[in-house]
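What follows is my_file_23.cif (mmCIF, C-alpha atoms and all ligand atoms).
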```cif
data_work
#
loop_
_atom_site.label_atom_id
_atom_site.label_comp_id
_atom_site.auth_asym_id
_atom_site.auth_seq_id
_atom_site.Cartn_x
_atom_site.Cartn_y
_atom_site.Cartn_z
CA MET P 1 12.43 3.38 39.82
CA SER P 2 11.56 3.04 36.16
CA GLN P 3 9.46 5.74 34.62
CA GLU P 4 6.59 4.89 32.30
CA THR P 5 6.88 6.35 28.81
CA ILE P 6 3.91 6.70 26.52
CA PRO P 7 4.83 5.64 22.98
CA LEU P 8 3.62 7.99 20.24
CA ALA P 9 3.22 7.34 16.53
CA GLY P 10 1.27 8.91 13.70
CA VAL P 11 0.97 9.60 10.02
CA ILE P 12 2.61 12.49 8.18
CA GLY P 13 1.16 13.76 4.92
CA SER P 14 -0.39 16.70 3.14
CA PRO P 15 -3.34 16.43 3.03
CA VAL P 16 -3.66 13.91 5.83
CA ALA P 17 -7.20 14.38 7.13
CA HIS P 18 -8.58 11.63 4.86
CA SER P 19 -6.21 8.98 6.28
CA ARG P 20 -7.90 6.03 7.95
CA SER P 21 -4.77 4.87 9.74
CA PRO P 22 -5.53 6.83 12.95
CA GLN P 23 -8.78 4.87 13.47
CA LEU P 24 -7.02 1.55 12.83
CA HIS P 25 -4.08 2.12 15.17
CA ALA P 26 -6.35 3.62 17.86
CA HIS P 27 -8.45 0.45 17.68
CA TRP P 28 -5.41 -1.80 18.09
CA LEU P 29 -3.95 0.30 20.92
CA LYS P 30 -7.26 0.14 22.76
CA THR P 31 -7.97 -3.56 22.27
CA LEU P 32 -4.39 -4.53 23.16
CA GLY P 33 -4.42 -2.29 26.23
CA ILE P 34 -1.38 -0.28 25.13
CA ARG P 35 -1.16 3.23 26.54
CA GLY P 36 -0.01 4.93 23.32
CA PHE P 37 -1.34 7.35 20.73
CA TYR P 38 -1.37 7.59 16.92
CA ILE P 39 -2.12 10.99 15.43
CA PRO P 40 -2.46 12.56 11.95
CA MET P 41 0.10 15.31 11.27
CA GLU P 42 -0.16 17.76 8.39
CA VAL P 43 3.42 18.64 7.45
CA ALA P 44 4.65 20.72 4.49
CA GLU P 45 7.63 19.40 2.53
CA ALA P 46 9.85 22.33 3.61
CA ASP P 47 9.36 21.31 7.27
CA LEU P 48 9.64 17.55 6.80
CA GLU P 49 13.24 17.06 7.91
CA THR P 50 12.93 19.36 10.93
CA VAL P 51 9.77 17.60 12.05
CA LEU P 52 11.26 14.12 11.59
CA ARG P 53 14.38 15.02 13.58
CA THR P 54 12.27 16.54 16.35
CA LEU P 55 9.57 13.89 16.84
CA PRO P 56 11.86 11.27 18.46
CA LYS P 57 12.78 13.84 21.09
CA ALA P 58 9.10 14.14 21.98
CA GLY P 59 8.45 10.45 22.57
CA PHE P 60 7.63 9.32 19.04
CA VAL P 61 8.69 5.76 18.17
CA GLY P 62 7.95 6.14 14.47
CA VAL P 63 5.52 7.40 11.86
CA ASN P 64 3.77 6.39 8.69
CA VAL P 65 4.38 8.59 5.69
CA THR P 66 1.84 9.26 3.00
CA VAL P 67 1.37 11.45 -0.08
CA PRO P 68 3.36 13.49 -1.08
CA HIS P 69 6.32 12.63 1.19
CA LYS P 70 6.92 8.93 0.48
CA GLU P 71 9.91 9.57 -1.79
CA LYS P 72 11.40 12.56 0.04
CA VAL P 73 11.72 10.70 3.36
CA MET P 74 14.10 8.26 1.69
CA THR P 75 16.67 11.05 1.42
CA ILE P 76 16.22 12.05 5.06
CA ALA P 77 16.35 8.57 6.64
CA ASP P 78 19.68 7.23 7.94
CA THR P 79 19.01 3.67 6.78
CA VAL P 80 16.65 2.32 4.13
CA THR P 81 15.48 -1.30 3.87
CA ASP P 82 16.03 -3.23 0.66
CA ARG P 83 12.34 -3.42 -0.10
CA ALA P 84 11.93 0.36 0.27
CA THR P 85 14.93 0.86 -2.02
CA ILE P 86 13.44 -1.40 -4.70
CA ILE P 87 10.10 0.41 -4.52
CA GLY P 88 11.75 3.84 -4.35
CA ALA P 89 9.46 5.05 -1.58
CA ALA P 90 8.85 4.53 2.14
CA ASN P 91 5.58 4.38 4.06
CA THR P 92 6.95 3.50 7.49
CA LEU P 93 9.67 5.13 9.58
CA VAL P 94 11.11 3.65 12.75
CA PHE P 95 12.87 6.02 15.17
CA ARG P 96 15.61 3.94 16.75
CA ARG P 97 16.91 4.46 20.23
CA ASP P 98 20.31 5.52 18.90
CA GLY P 99 18.58 8.43 17.11
CA GLN P 100 18.71 6.89 13.65
CA ILE P 101 15.68 6.96 11.36
CA GLN P 102 15.00 3.75 9.45
CA ALA P 103 12.80 3.86 6.35
CA ASP P 104 10.80 0.82 5.27
CA ASN P 105 7.99 0.07 2.85
CA THR P 106 5.29 -2.35 3.99
CA ASP P 107 2.84 -1.70 1.11
CA GLY P 108 3.96 -4.74 -0.87
CA TYR P 109 3.76 -6.95 2.20
CA GLY P 110 0.24 -5.62 2.89
CA PHE P 111 -0.81 -6.23 -0.69
CA ILE P 112 0.32 -9.88 -0.75
CA GLU P 113 -0.84 -10.68 2.77
CA ASN P 114 -4.31 -9.35 1.93
CA LEU P 115 -4.52 -11.64 -1.13
CA ARG P 116 -3.18 -14.67 0.76
CA ARG P 117 -5.55 -14.26 3.70
CA THR P 118 -8.64 -13.43 1.65
CA ALA P 119 -8.02 -15.86 -1.22
CA PRO P 120 -5.92 -18.72 0.23
CA ASP P 121 -6.13 -20.70 -3.04
CA TRP P 122 -4.59 -17.89 -5.08
CA ASP P 123 -1.47 -19.12 -6.87
CA PRO P 124 0.72 -16.23 -8.05
CA LYS P 125 2.59 -18.63 -10.35
CA ALA P 126 -0.61 -19.70 -12.16
CA GLY P 127 -0.18 -17.14 -14.94
CA PRO P 128 0.60 -13.54 -15.87
CA ALA P 129 -0.63 -10.61 -13.81
CA ALA P 130 -2.22 -7.53 -15.39
CA VAL P 131 -1.51 -4.28 -13.58
CA LEU P 132 -3.36 -1.04 -14.33
CA GLY P 133 -1.43 2.10 -13.39
CA ALA P 134 2.24 2.95 -12.97
CA GLY P 135 2.37 5.30 -9.96
CA GLY P 136 3.87 4.74 -6.54
CA ALA P 137 1.31 2.12 -5.57
CA ALA P 138 2.06 0.16 -8.76
CA ARG P 139 5.77 0.04 -7.87
CA ALA P 140 5.01 -1.63 -4.54
CA VAL P 141 2.54 -4.05 -6.16
CA ILE P 142 4.92 -5.01 -8.97
CA ALA P 143 7.87 -5.57 -6.62
CA ALA P 144 5.67 -7.76 -4.43
CA LEU P 145 4.21 -9.77 -7.32
CA LEU P 146 7.69 -10.49 -8.73
CA ASP P 147 8.86 -11.45 -5.26
CA VAL P 148 6.18 -14.16 -4.94
CA GLY P 149 6.96 -15.60 -8.38
CA VAL P 150 4.45 -14.16 -10.84
CA PRO P 151 5.86 -15.30 -14.21
CA GLU P 152 5.03 -12.16 -16.19
CA ILE P 153 3.47 -8.75 -15.59
CA LEU P 154 1.44 -6.97 -18.24
CA LEU P 155 1.45 -3.29 -17.38
CA SER P 156 -0.74 -0.54 -18.76
CA ASN P 157 -0.83 3.12 -17.85
CA ARG P 158 -2.44 6.23 -19.34
CA THR P 159 1.01 7.83 -19.51
CA ARG P 160 2.97 5.12 -21.32
CA LEU P 161 6.36 6.61 -20.43
CA ARG P 162 5.75 5.95 -16.73
CA ALA P 163 5.08 2.27 -17.47
CA GLU P 164 8.23 2.11 -19.56
CA THR P 165 10.25 3.55 -16.69
CA LEU P 166 8.92 0.76 -14.47
CA GLN P 167 9.91 -1.77 -17.11
CA GLN P 168 13.44 -0.39 -17.07
CA ASP P 169 13.55 -0.62 -13.28
CA PHE P 170 11.99 -4.07 -12.88
CA GLY P 171 13.21 -5.79 -16.02
CA ARG P 172 12.24 -8.36 -18.58
CA LYS P 173 9.26 -9.87 -16.80
CA LEU P 174 7.32 -6.64 -17.43
CA ARG P 175 5.54 -6.01 -20.72
CA VAL P 176 4.04 -2.60 -21.43
CA ILE P 177 0.63 -2.52 -23.12
CA ASP P 178 -0.86 0.65 -24.55
CA TRP P 179 -3.61 2.20 -22.40
CA VAL P 180 -6.15 2.00 -25.23
CA GLN P 181 -5.52 -1.75 -25.34
CA ALA P 182 -5.53 -2.32 -21.57
CA GLY P 183 -8.69 -4.44 -21.84
CA ASN P 184 -6.89 -6.97 -24.06
CA MET P 185 -4.38 -7.91 -21.40
CA LEU P 186 -7.13 -9.15 -19.09
CA GLU P 187 -7.69 -12.17 -21.36
CA HIS P 188 -4.26 -13.50 -20.42
CA ALA P 189 -4.26 -12.60 -16.75
CA ALA P 190 -4.58 -14.94 -13.77
CA THR P 191 -4.23 -11.94 -11.45
CA VAL P 192 -5.61 -8.45 -12.14
CA VAL P 193 -4.77 -5.38 -10.08
CA ASN P 194 -6.07 -1.81 -10.36
CA THR P 195 -3.51 0.55 -8.84
CA THR P 196 -4.95 3.71 -10.43
CA SER P 197 -7.26 6.05 -8.59
CA LEU P 198 -9.99 5.44 -11.20
CA GLY P 199 -13.25 4.28 -9.65
CA MET P 200 -12.59 6.05 -6.36
CA VAL P 201 -15.29 8.31 -4.92
CA GLY P 202 -14.87 11.70 -6.60
CA LYS P 203 -12.58 10.37 -9.35
CA PRO P 204 -13.47 9.35 -12.93
CA ALA P 205 -14.70 5.81 -13.59
CA LEU P 206 -12.37 3.05 -14.75
CA ARG P 207 -13.39 2.72 -18.39
CA VAL P 208 -11.15 -0.18 -19.39
CA PRO P 209 -13.35 -2.84 -21.10
CA LEU P 210 -13.69 -5.75 -18.68
CA ASP P 211 -15.24 -8.43 -20.89
CA GLY P 212 -11.83 -10.13 -21.24
CA LEU P 213 -11.69 -11.07 -17.55
CA GLN P 214 -11.17 -14.78 -17.09
CA LYS P 215 -13.37 -16.88 -14.84
CA GLY P 216 -11.35 -17.94 -11.80
CA ALA P 217 -8.85 -15.08 -12.10
CA LEU P 218 -8.08 -13.15 -8.95
CA VAL P 219 -9.13 -9.51 -9.26
CA THR P 220 -8.22 -6.87 -6.71
CA ASP P 221 -8.61 -3.11 -6.54
CA LEU P 222 -6.44 -0.84 -4.41
CA VAL P 223 -9.34 1.62 -4.32
CA TYR P 224 -11.34 0.97 -1.14
CA ALA P 225 -13.81 3.87 -1.27
CA PRO P 226 -16.20 2.48 -2.37
CA LEU P 227 -15.32 -0.95 -1.00
CA LYS P 228 -16.95 -2.67 -3.94
CA THR P 229 -15.74 -0.83 -7.03
CA ARG P 230 -17.27 -1.41 -10.45
CA LEU P 231 -14.19 -3.49 -11.34
CA LEU P 232 -14.88 -5.83 -8.42
CA GLU P 233 -18.61 -5.87 -9.13
CA VAL P 234 -18.12 -6.89 -12.76
CA ALA P 235 -15.37 -9.36 -11.85
CA GLU P 236 -17.64 -11.04 -9.33
CA GLU P 237 -20.42 -11.35 -11.92
CA MET P 238 -17.93 -12.96 -14.30
CA GLY P 239 -16.90 -15.62 -11.82
CA CYS P 240 -13.58 -14.11 -10.72
CA ILE P 241 -12.26 -14.22 -7.17
CA THR P 242 -12.41 -10.67 -5.83
CA VAL P 243 -10.46 -9.01 -3.02
CA ASP P 244 -11.16 -5.44 -1.93
CA GLY P 245 -8.47 -2.88 -1.19
CA LEU P 246 -9.19 -2.20 2.47
CA GLY P 247 -7.31 -5.34 3.50
CA MET P 248 -4.07 -3.98 2.02
CA LEU P 249 -4.38 -0.89 4.18
CA LEU P 250 -4.94 -3.06 7.26
CA HIS P 251 -2.12 -5.51 6.57
CA GLN P 252 0.51 -2.89 5.67
CA ALA P 253 -0.06 -1.43 9.14
CA VAL P 254 0.70 -4.68 11.00
CA PRO P 255 4.53 -4.72 10.79
CA ALA P 256 4.66 -1.00 11.61
CA PHE P 257 2.49 -1.37 14.70
CA GLU P 258 4.54 -4.34 15.85
CA ARG P 259 7.84 -2.49 15.45
CA TRP P 260 6.60 0.60 17.29
CA PHE P 261 4.50 -0.88 20.05
CA GLY P 262 5.99 -4.37 20.47
CA THR P 263 2.88 -6.47 19.86
CA ARG P 264 1.64 -7.94 16.57
CA PRO P 265 -1.98 -6.83 16.05
CA GLU P 266 -4.77 -8.87 14.43
CA VAL P 267 -6.44 -7.99 11.16
CA ASP P 268 -10.00 -9.07 11.89
CA ALA P 269 -13.58 -7.91 11.37
CA ALA P 270 -13.33 -5.50 14.30
CA ALA P 271 -10.19 -3.86 12.83
CA ARG P 272 -11.95 -3.53 9.46
CA ALA P 273 -15.03 -1.99 11.09
CA ALA P 274 -12.92 0.44 13.13
CA THR P 275 -11.09 1.59 10.01
CA LEU P 276 -14.34 2.28 8.17
CA ARG P 277 -15.82 4.36 11.00
P1 LIG M 1 -0.17 6.39 -6.34
O1 LIG M 1 1.09 6.68 -5.61
O2 LIG M 1 -1.37 6.23 -5.45
O3 LIG M 1 -0.04 5.28 -7.31
P2 LIG M 1 0.08 8.34 -8.47
O4 LIG M 1 1.56 8.17 -8.47
O5 LIG M 1 -0.48 9.72 -8.60
O6 LIG M 1 -0.54 7.76 -7.13
O7 LIG M 1 -0.55 7.39 -9.59
C1 LIG M 1 -1.88 7.42 -9.92
C2 LIG M 1 -2.17 6.41 -11.03
O8 LIG M 1 -3.52 6.58 -11.47
C3 LIG M 1 -1.30 6.61 -12.26
O9 LIG M 1 -1.07 5.38 -12.88
C4 LIG M 1 -2.17 7.52 -13.11
O10 LIG M 1 -1.88 7.50 -14.48
P3 LIG M 1 -0.81 8.56 -15.10
O11 LIG M 1 0.55 8.01 -14.78
O12 LIG M 1 -1.10 8.59 -16.54
O13 LIG M 1 -1.08 9.86 -14.41
C5 LIG M 1 -3.51 6.90 -12.85
N1 LIG M 1 -4.60 7.84 -13.17
C6 LIG M 1 -5.03 8.87 -12.43
N2 LIG M 1 -6.05 9.52 -13.04
C7 LIG M 1 -6.26 8.87 -14.22
C8 LIG M 1 -7.16 9.04 -15.32
N3 LIG M 1 -8.08 10.02 -15.33
N4 LIG M 1 -7.07 8.18 -16.37
C9 LIG M 1 -6.16 7.18 -16.38
N5 LIG M 1 -5.27 6.97 -15.36
C10 LIG M 1 -5.32 7.80 -14.31
#
```
Hey, can you dump this file as C-alpha cells for me?
Amino acid sequence: MSQETIPLAGVIGSPVAHSRSPQLHAHWLKTLGIRGFYIPMEVAEADLETVLRTLPKAGFVGVNVTVPHKEKVMTIADTVTDRATIIGAANTLVFRRDGQIQADNTDGYGFIENLRRTAPDWDPKAGPAAVLGAGGAARAVIAALLDVGVPEILLSNRTRLRAETLQQDFGRKLRVIDWVQAGNMLEHAATVVNTTSLGMVGKPALRVPLDGLQKGALVTDLVYAPLKTRLLEVAEEMGCITVDGLGMLLHQAVPAFERWFGTRPEVDAAARAATLR
C-alpha cells in the first residue's frame, strides 16, 4: 500500500513577510488540485544551514530563497547550476531524493520570459540595452540579456565600483556610465531596465532624466509596487513599449513549481490577481 505524502515548499528570507510568492504558489496548488503547501519562513543567517538540512526530513521538496540569503545558500548547496554560478546567487533550491540540495537561479529566465510573453515583438538584438543598478537583480538581468544576444549593455549605478565589478565579471559587452550621466545612455538604448529599488513604495524616486528614451524602445521596471512606476508612465507617454515587473516574479516561479510539484503552472490573469491580493 502506497502512502500519500504531502509535498511542502516555501520561501526563506529575513524579512520574509512582504513576499508575494506564498499567494502565487497557493493559487497554483489550489487550481491544479495539488495537495501541497507553500509557506513563508523567517530564518536568520546563523540558522540557515541547519534549517536547510532539516527541511527535507520534514517533507519539503524545495524552497525559494530571498534577501539576504541568496548568496550564502550557494556555499551550502551540494550542486549549483551553471546559471546560478554565473549570477553568483540562487533563488531556488531543490531537495533531491538522495538528500542533495541543488541551487538554481530562475530570475533571469523569469525576466526574459516576461518580456517575450508581454512584448512578443521585442528583439533583444535590435540595439544596446541600458541597465540601471548593479545589485543582485542586475546580475541576473545582465546574464539573461547577454544570453539572448543583446549586442551591448550600458550599465549605470550610483556606486560606480559595483558596476565596474560587473563589467569585470561579464566582460567587454558591458560599458559603465557614470550615475550622473545615466540619462544619456537612454538615447542609445533599444531595451531599458530599472533594477534599482528607486520608485518603489517607500523608497526615493528614480530621478534619472528620461527625455532621452527612444520611441519604440522596450522599457521594463523590476519594481512592481506600484505596478505602474513613474519610469513606465513616462515611457508609455513617449511611445515606448512597457512591461511591468510583476510578470518577472510570476515567471521565475514557474520552473521552481514544476520541479517541486511535477506540473507546469500557467502565468495568467488569475495568477497575477492572486499574487496582488
Ligand atoms: P537587489 O539584489 O534587489 O538588486 P541590492 O543588491 O541592494 O538589491 O541593489 C539595489 C540597487 O539599487 C543597487 O544598484 C543600488 O545602488 P548602490 O549599488 O549604489 O547601492 C540601487 N539603489 C538603492 N537605493 C538607491 C538610491 N537612493 N540611489 C541610487 N541607487 C540606489
Figure out the distance between CA of Gly62 (chain P) and CA of Gly10 (chain P), please, to one decimal in Å. 7.3 Å
Please find the residues contacting ligand LIG 1 (chain M) at a distance of at most 12 Å between atoms, with all atoms listed in the file counted, and report them as number ranges by chain. P: 65-71, 87-91, 107, 131-142, 155-166, 178-180, 182, 193-200, 202-208, 221-223
So, with all atoms listed in the file as the atoms that count, which of P:Leu8, P:Ala103, P:Val43, P:Asp98 lies closest to Ala26 (chain P)? P:Leu8
Could you check how far CA of Thr54 (chain P) sits from CA of Glu4 (chain P), in Å to one decimal?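 CA of Glu4 (chain P) lies 20.6 Å from CA of Thr54 (chain P).
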State, in Å with one decimal place, the distance from CA of Trp28 (chain P) to CA of Leu48 (chain P).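 These atoms are spaced 27.0 Å apart.
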Mind listing whatever residues come within 6 Å of the point (1.8, -16.0, -8.3)? Use all atoms listed in the file, file coordinates, and give them as a list in words.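 Final list of nearby residues, as requested, is Asp123, Pro124, Lys125, Ala126, Val148, Gly149 and Val150 of chain P.
Counting only C-alpha atoms and comparing P:Arg277, P:Lys57, P:Arg83, P:Lys215, the residue that lies closest to Phe95 (chain P) is P:Lys57.
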From the list P:Leu246, P:Val254, P:Leu93, P:Ala84, which residue is nearest Ala273 (chain P) when using all atoms listed in the file?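 Of the candidates, the smallest distance to Ala273 (chain P) is held by P:Leu246.
The smallest atom-to-atom distance between Thr275 (chain P) and any of P:Ala77, P:Leu154, P:Val51, P:Leu250, using only C-alpha atoms, is found for P:Leu250.
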Measuring between all atoms listed in the file, which one of P:Met185, P:Leu145, P:Val63, P:Leu29 shows the shortest distance to Gln214 (chain P)? P:Met185
Fewer than 5 positions away in the same chain doesn't count, so skip those; otherwise give me all residues within 9 Å of Gly59 (chain P), counting all atoms listed in the file, as a ChimeraX atom specification. /P:5-9
Can you find the residues with an atom no farther than 6 Å from (1.9, 17.4, 2.9), counting all atoms listed in the file, and report them as a PDB file with C-alpha atoms, in the frame of the given file?
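That gives us out31.pdb:
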```pdb
ATOM      1  CA  GLY P  13       1.160  13.760   4.920  1.00  0.00           C
ATOM      2  CA  SER P  14      -0.390  16.700   3.140  1.00  0.00           C
ATOM      3  CA  PRO P  15      -3.340  16.430   3.030  1.00  0.00           C
ATOM      4  CA  GLU P  42      -0.160  17.760   8.390  1.00  0.00           C
ATOM      5  CA  VAL P  43       3.420  18.640   7.450  1.00  0.00           C
ATOM      6  CA  ALA P  44       4.650  20.720   4.490  1.00  0.00           C
ATOM      7  CA  PRO P  68       3.360  13.490  -1.080  1.00  0.00           C
TER       8      PRO P  68
END
```
Return the single residue from P:Thr263, P:Thr106, P:Thr50, P:Thr242 that is closest to Ile86 (chain P), with distances computed using all atoms listed in the file.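 Among P:Thr263, P:Thr106, P:Thr50, P:Thr242, it is P:Thr106 that comes nearest to Ile86 (chain P).
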So that I can see what lies close to Ala235 (chain P), please list as a list in words the residues with an atom at most 10 Å from it, counting only C-alpha atoms and leaving out residues fewer than 3 positions away in the same chain.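 Near neighbours after the sequence-gap exclusion: Val192, Leu210, Asp211, Leu213, Gln214, Lys215, Gly216, Ala217, Leu218, Val219, Thr220, Thr229, Arg230, Leu231, Leu232, Met238, Gly239, Cys240, Ile241 and Thr242 of chain P.
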Kindly add N, CA, C and O atoms to the incomplete region 211-233 of chain P and provide the output as a PDB file, in the coordinates of the input.
```pdb
ATOM      1  N   ASP P 211     -14.681  -7.161 -20.409  1.00  0.00           N
ATOM      2  CA  ASP P 211     -15.240  -8.430 -20.890  1.00  0.00           C
ATOM      3  C   ASP P 211     -14.170  -9.510 -21.110  1.00  0.00           C
ATOM      4  O   ASP P 211     -14.501 -10.685 -21.284  1.00  0.00           O
ATOM      5  N   GLY P 212     -12.898  -9.133 -21.080  1.00  0.00           N
ATOM      6  CA  GLY P 212     -11.830 -10.130 -21.240  1.00  0.00           C
ATOM      7  C   GLY P 212     -11.462 -10.854 -19.953  1.00  0.00           C
ATOM      8  O   GLY P 212     -10.677 -11.806 -19.976  1.00  0.00           O
ATOM      9  N   LEU P 213     -12.027 -10.426 -18.829  1.00  0.00           N
ATOM     10  CA  LEU P 213     -11.690 -11.070 -17.550  1.00  0.00           C
ATOM     11  C   LEU P 213     -11.966 -12.566 -17.588  1.00  0.00           C
ATOM     12  O   LEU P 213     -13.004 -13.002 -18.078  1.00  0.00           O
ATOM     13  N   GLN P 214     -11.031 -13.328 -17.072  1.00  0.00           N
ATOM     14  CA  GLN P 214     -11.170 -14.780 -17.090  1.00  0.00           C
ATOM     15  C   GLN P 214     -11.822 -15.296 -15.809  1.00  0.00           C
ATOM     16  O   GLN P 214     -11.448 -14.876 -14.710  1.00  0.00           O
ATOM     17  N   LYS P 215     -12.742 -16.241 -15.994  1.00  0.00           N
ATOM     18  CA  LYS P 215     -13.370 -16.880 -14.840  1.00  0.00           C
ATOM     19  C   LYS P 215     -12.275 -17.519 -13.975  1.00  0.00           C
ATOM     20  O   LYS P 215     -11.347 -18.138 -14.513  1.00  0.00           O
ATOM     21  N   GLY P 216     -12.351 -17.327 -12.678  1.00  0.00           N
ATOM     22  CA  GLY P 216     -11.350 -17.940 -11.800  1.00  0.00           C
ATOM     23  C   GLY P 216     -10.137 -17.070 -11.546  1.00  0.00           C
ATOM     24  O   GLY P 216      -9.336 -17.349 -10.644  1.00  0.00           O
ATOM     25  N   ALA P 217      -9.989 -15.987 -12.341  1.00  0.00           N
ATOM     26  CA  ALA P 217      -8.850 -15.080 -12.100  1.00  0.00           C
ATOM     27  C   ALA P 217      -9.066 -14.343 -10.785  1.00  0.00           C
ATOM     28  O   ALA P 217     -10.208 -14.136 -10.358  1.00  0.00           O
ATOM     29  N   LEU P 218      -7.964 -13.957 -10.165  1.00  0.00           N
ATOM     30  CA  LEU P 218      -8.080 -13.150  -8.950  1.00  0.00           C
ATOM     31  C   LEU P 218      -8.042 -11.681  -9.335  1.00  0.00           C
ATOM     32  O   LEU P 218      -7.119 -11.246 -10.029  1.00  0.00           O
ATOM     33  N   VAL P 219      -9.052 -10.922  -8.916  1.00  0.00           N
ATOM     34  CA  VAL P 219      -9.130  -9.510  -9.260  1.00  0.00           C
ATOM     35  C   VAL P 219      -9.157  -8.671  -7.986  1.00  0.00           C
ATOM     36  O   VAL P 219      -9.977  -8.915  -7.102  1.00  0.00           O
ATOM     37  N   THR P 220      -8.253  -7.713  -7.906  1.00  0.00           N
ATOM     38  CA  THR P 220      -8.220  -6.870  -6.710  1.00  0.00           C
ATOM     39  C   THR P 220      -8.063  -5.412  -7.098  1.00  0.00           C
ATOM     40  O   THR P 220      -7.499  -5.093  -8.151  1.00  0.00           O
ATOM     41  N   ASP P 221      -8.618  -4.536  -6.266  1.00  0.00           N
ATOM     42  CA  ASP P 221      -8.610  -3.110  -6.540  1.00  0.00           C
ATOM     43  C   ASP P 221      -8.010  -2.416  -5.330  1.00  0.00           C
ATOM     44  O   ASP P 221      -8.433  -2.677  -4.201  1.00  0.00           O
ATOM     45  N   LEU P 222      -7.015  -1.556  -5.550  1.00  0.00           N
ATOM     46  CA  LEU P 222      -6.440  -0.840  -4.410  1.00  0.00           C
ATOM     47  C   LEU P 222      -7.377   0.244  -3.898  1.00  0.00           C
ATOM     48  O   LEU P 222      -7.259   0.694  -2.770  1.00  0.00           O
ATOM     49  N   VAL P 223      -8.327   0.646  -4.758  1.00  0.00           N
ATOM     50  CA  VAL P 223      -9.340   1.620  -4.320  1.00  0.00           C
ATOM     51  C   VAL P 223     -10.249   0.933  -3.300  1.00  0.00           C
ATOM     52  O   VAL P 223     -10.727  -0.177  -3.541  1.00  0.00           O
ATOM     53  N   TYR P 224     -10.455   1.590  -2.142  1.00  0.00           N
ATOM     54  CA  TYR P 224     -11.340   0.970  -1.140  1.00  0.00           C
ATOM     55  C   TYR P 224     -12.506   1.887  -0.743  1.00  0.00           C
ATOM     56  O   TYR P 224     -13.247   1.594   0.194  1.00  0.00           O
ATOM     57  N   ALA P 225     -12.637   3.010  -1.467  1.00  0.00           N
ATOM     58  CA  ALA P 225     -13.810   3.870  -1.270  1.00  0.00           C
ATOM     59  C   ALA P 225     -14.373   4.174  -2.654  1.00  0.00           C
ATOM     60  O   ALA P 225     -13.800   4.995  -3.358  1.00  0.00           O
ATOM     61  N   PRO P 226     -15.402   3.455  -3.106  1.00  0.00           N
ATOM     62  CA  PRO P 226     -16.200   2.480  -2.370  1.00  0.00           C
ATOM     63  C   PRO P 226     -15.462   1.145  -2.182  1.00  0.00           C
ATOM     64  O   PRO P 226     -14.520   0.850  -2.925  1.00  0.00           O
ATOM     65  N   LEU P 227     -15.923   0.364  -1.235  1.00  0.00           N
ATOM     66  CA  LEU P 227     -15.320  -0.950  -1.000  1.00  0.00           C
ATOM     67  C   LEU P 227     -15.489  -1.868  -2.201  1.00  0.00           C
ATOM     68  O   LEU P 227     -14.577  -2.580  -2.594  1.00  0.00           O
ATOM     69  N   LYS P 228     -16.719  -1.846  -2.743  1.00  0.00           N
ATOM     70  CA  LYS P 228     -16.950  -2.670  -3.940  1.00  0.00           C
ATOM     71  C   LYS P 228     -16.966  -1.768  -5.155  1.00  0.00           C
ATOM     72  O   LYS P 228     -17.976  -1.124  -5.452  1.00  0.00           O
ATOM     73  N   THR P 229     -15.841  -1.686  -5.840  1.00  0.00           N
ATOM     74  CA  THR P 229     -15.740  -0.830  -7.030  1.00  0.00           C
ATOM     75  C   THR P 229     -16.448  -1.534  -8.198  1.00  0.00           C
ATOM     76  O   THR P 229     -16.753  -2.726  -8.118  1.00  0.00           O
ATOM     77  N   ARG P 230     -16.627  -0.793  -9.285  1.00  0.00           N
ATOM     78  CA  ARG P 230     -17.270  -1.410 -10.450  1.00  0.00           C
ATOM     79  C   ARG P 230     -16.412  -2.562 -10.967  1.00  0.00           C
ATOM     80  O   ARG P 230     -16.914  -3.599 -11.378  1.00  0.00           O
ATOM     81  N   LEU P 231     -15.089  -2.399 -10.911  1.00  0.00           N
ATOM     82  CA  LEU P 231     -14.190  -3.490 -11.340  1.00  0.00           C
ATOM     83  C   LEU P 231     -14.507  -4.760 -10.555  1.00  0.00           C
ATOM     84  O   LEU P 231     -14.647  -5.850 -11.132  1.00  0.00           O
ATOM     85  N   LEU P 232     -14.623  -4.642  -9.244  1.00  0.00           N
ATOM     86  CA  LEU P 232     -14.880  -5.830  -8.420  1.00  0.00           C
ATOM     87  C   LEU P 232     -16.281  -6.379  -8.653  1.00  0.00           C
ATOM     88  O   LEU P 232     -16.489  -7.593  -8.652  1.00  0.00           O
ATOM     89  N   GLU P 233     -17.221  -5.462  -8.877  1.00  0.00           N
ATOM     90  CA  GLU P 233     -18.610  -5.870  -9.130  1.00  0.00           C
ATOM     91  C   GLU P 233     -18.691  -6.704 -10.410  1.00  0.00           C
ATOM     92  O   GLU P 233     -19.249  -7.810 -10.417  1.00  0.00           O
TER      93      GLU P 233
END
```
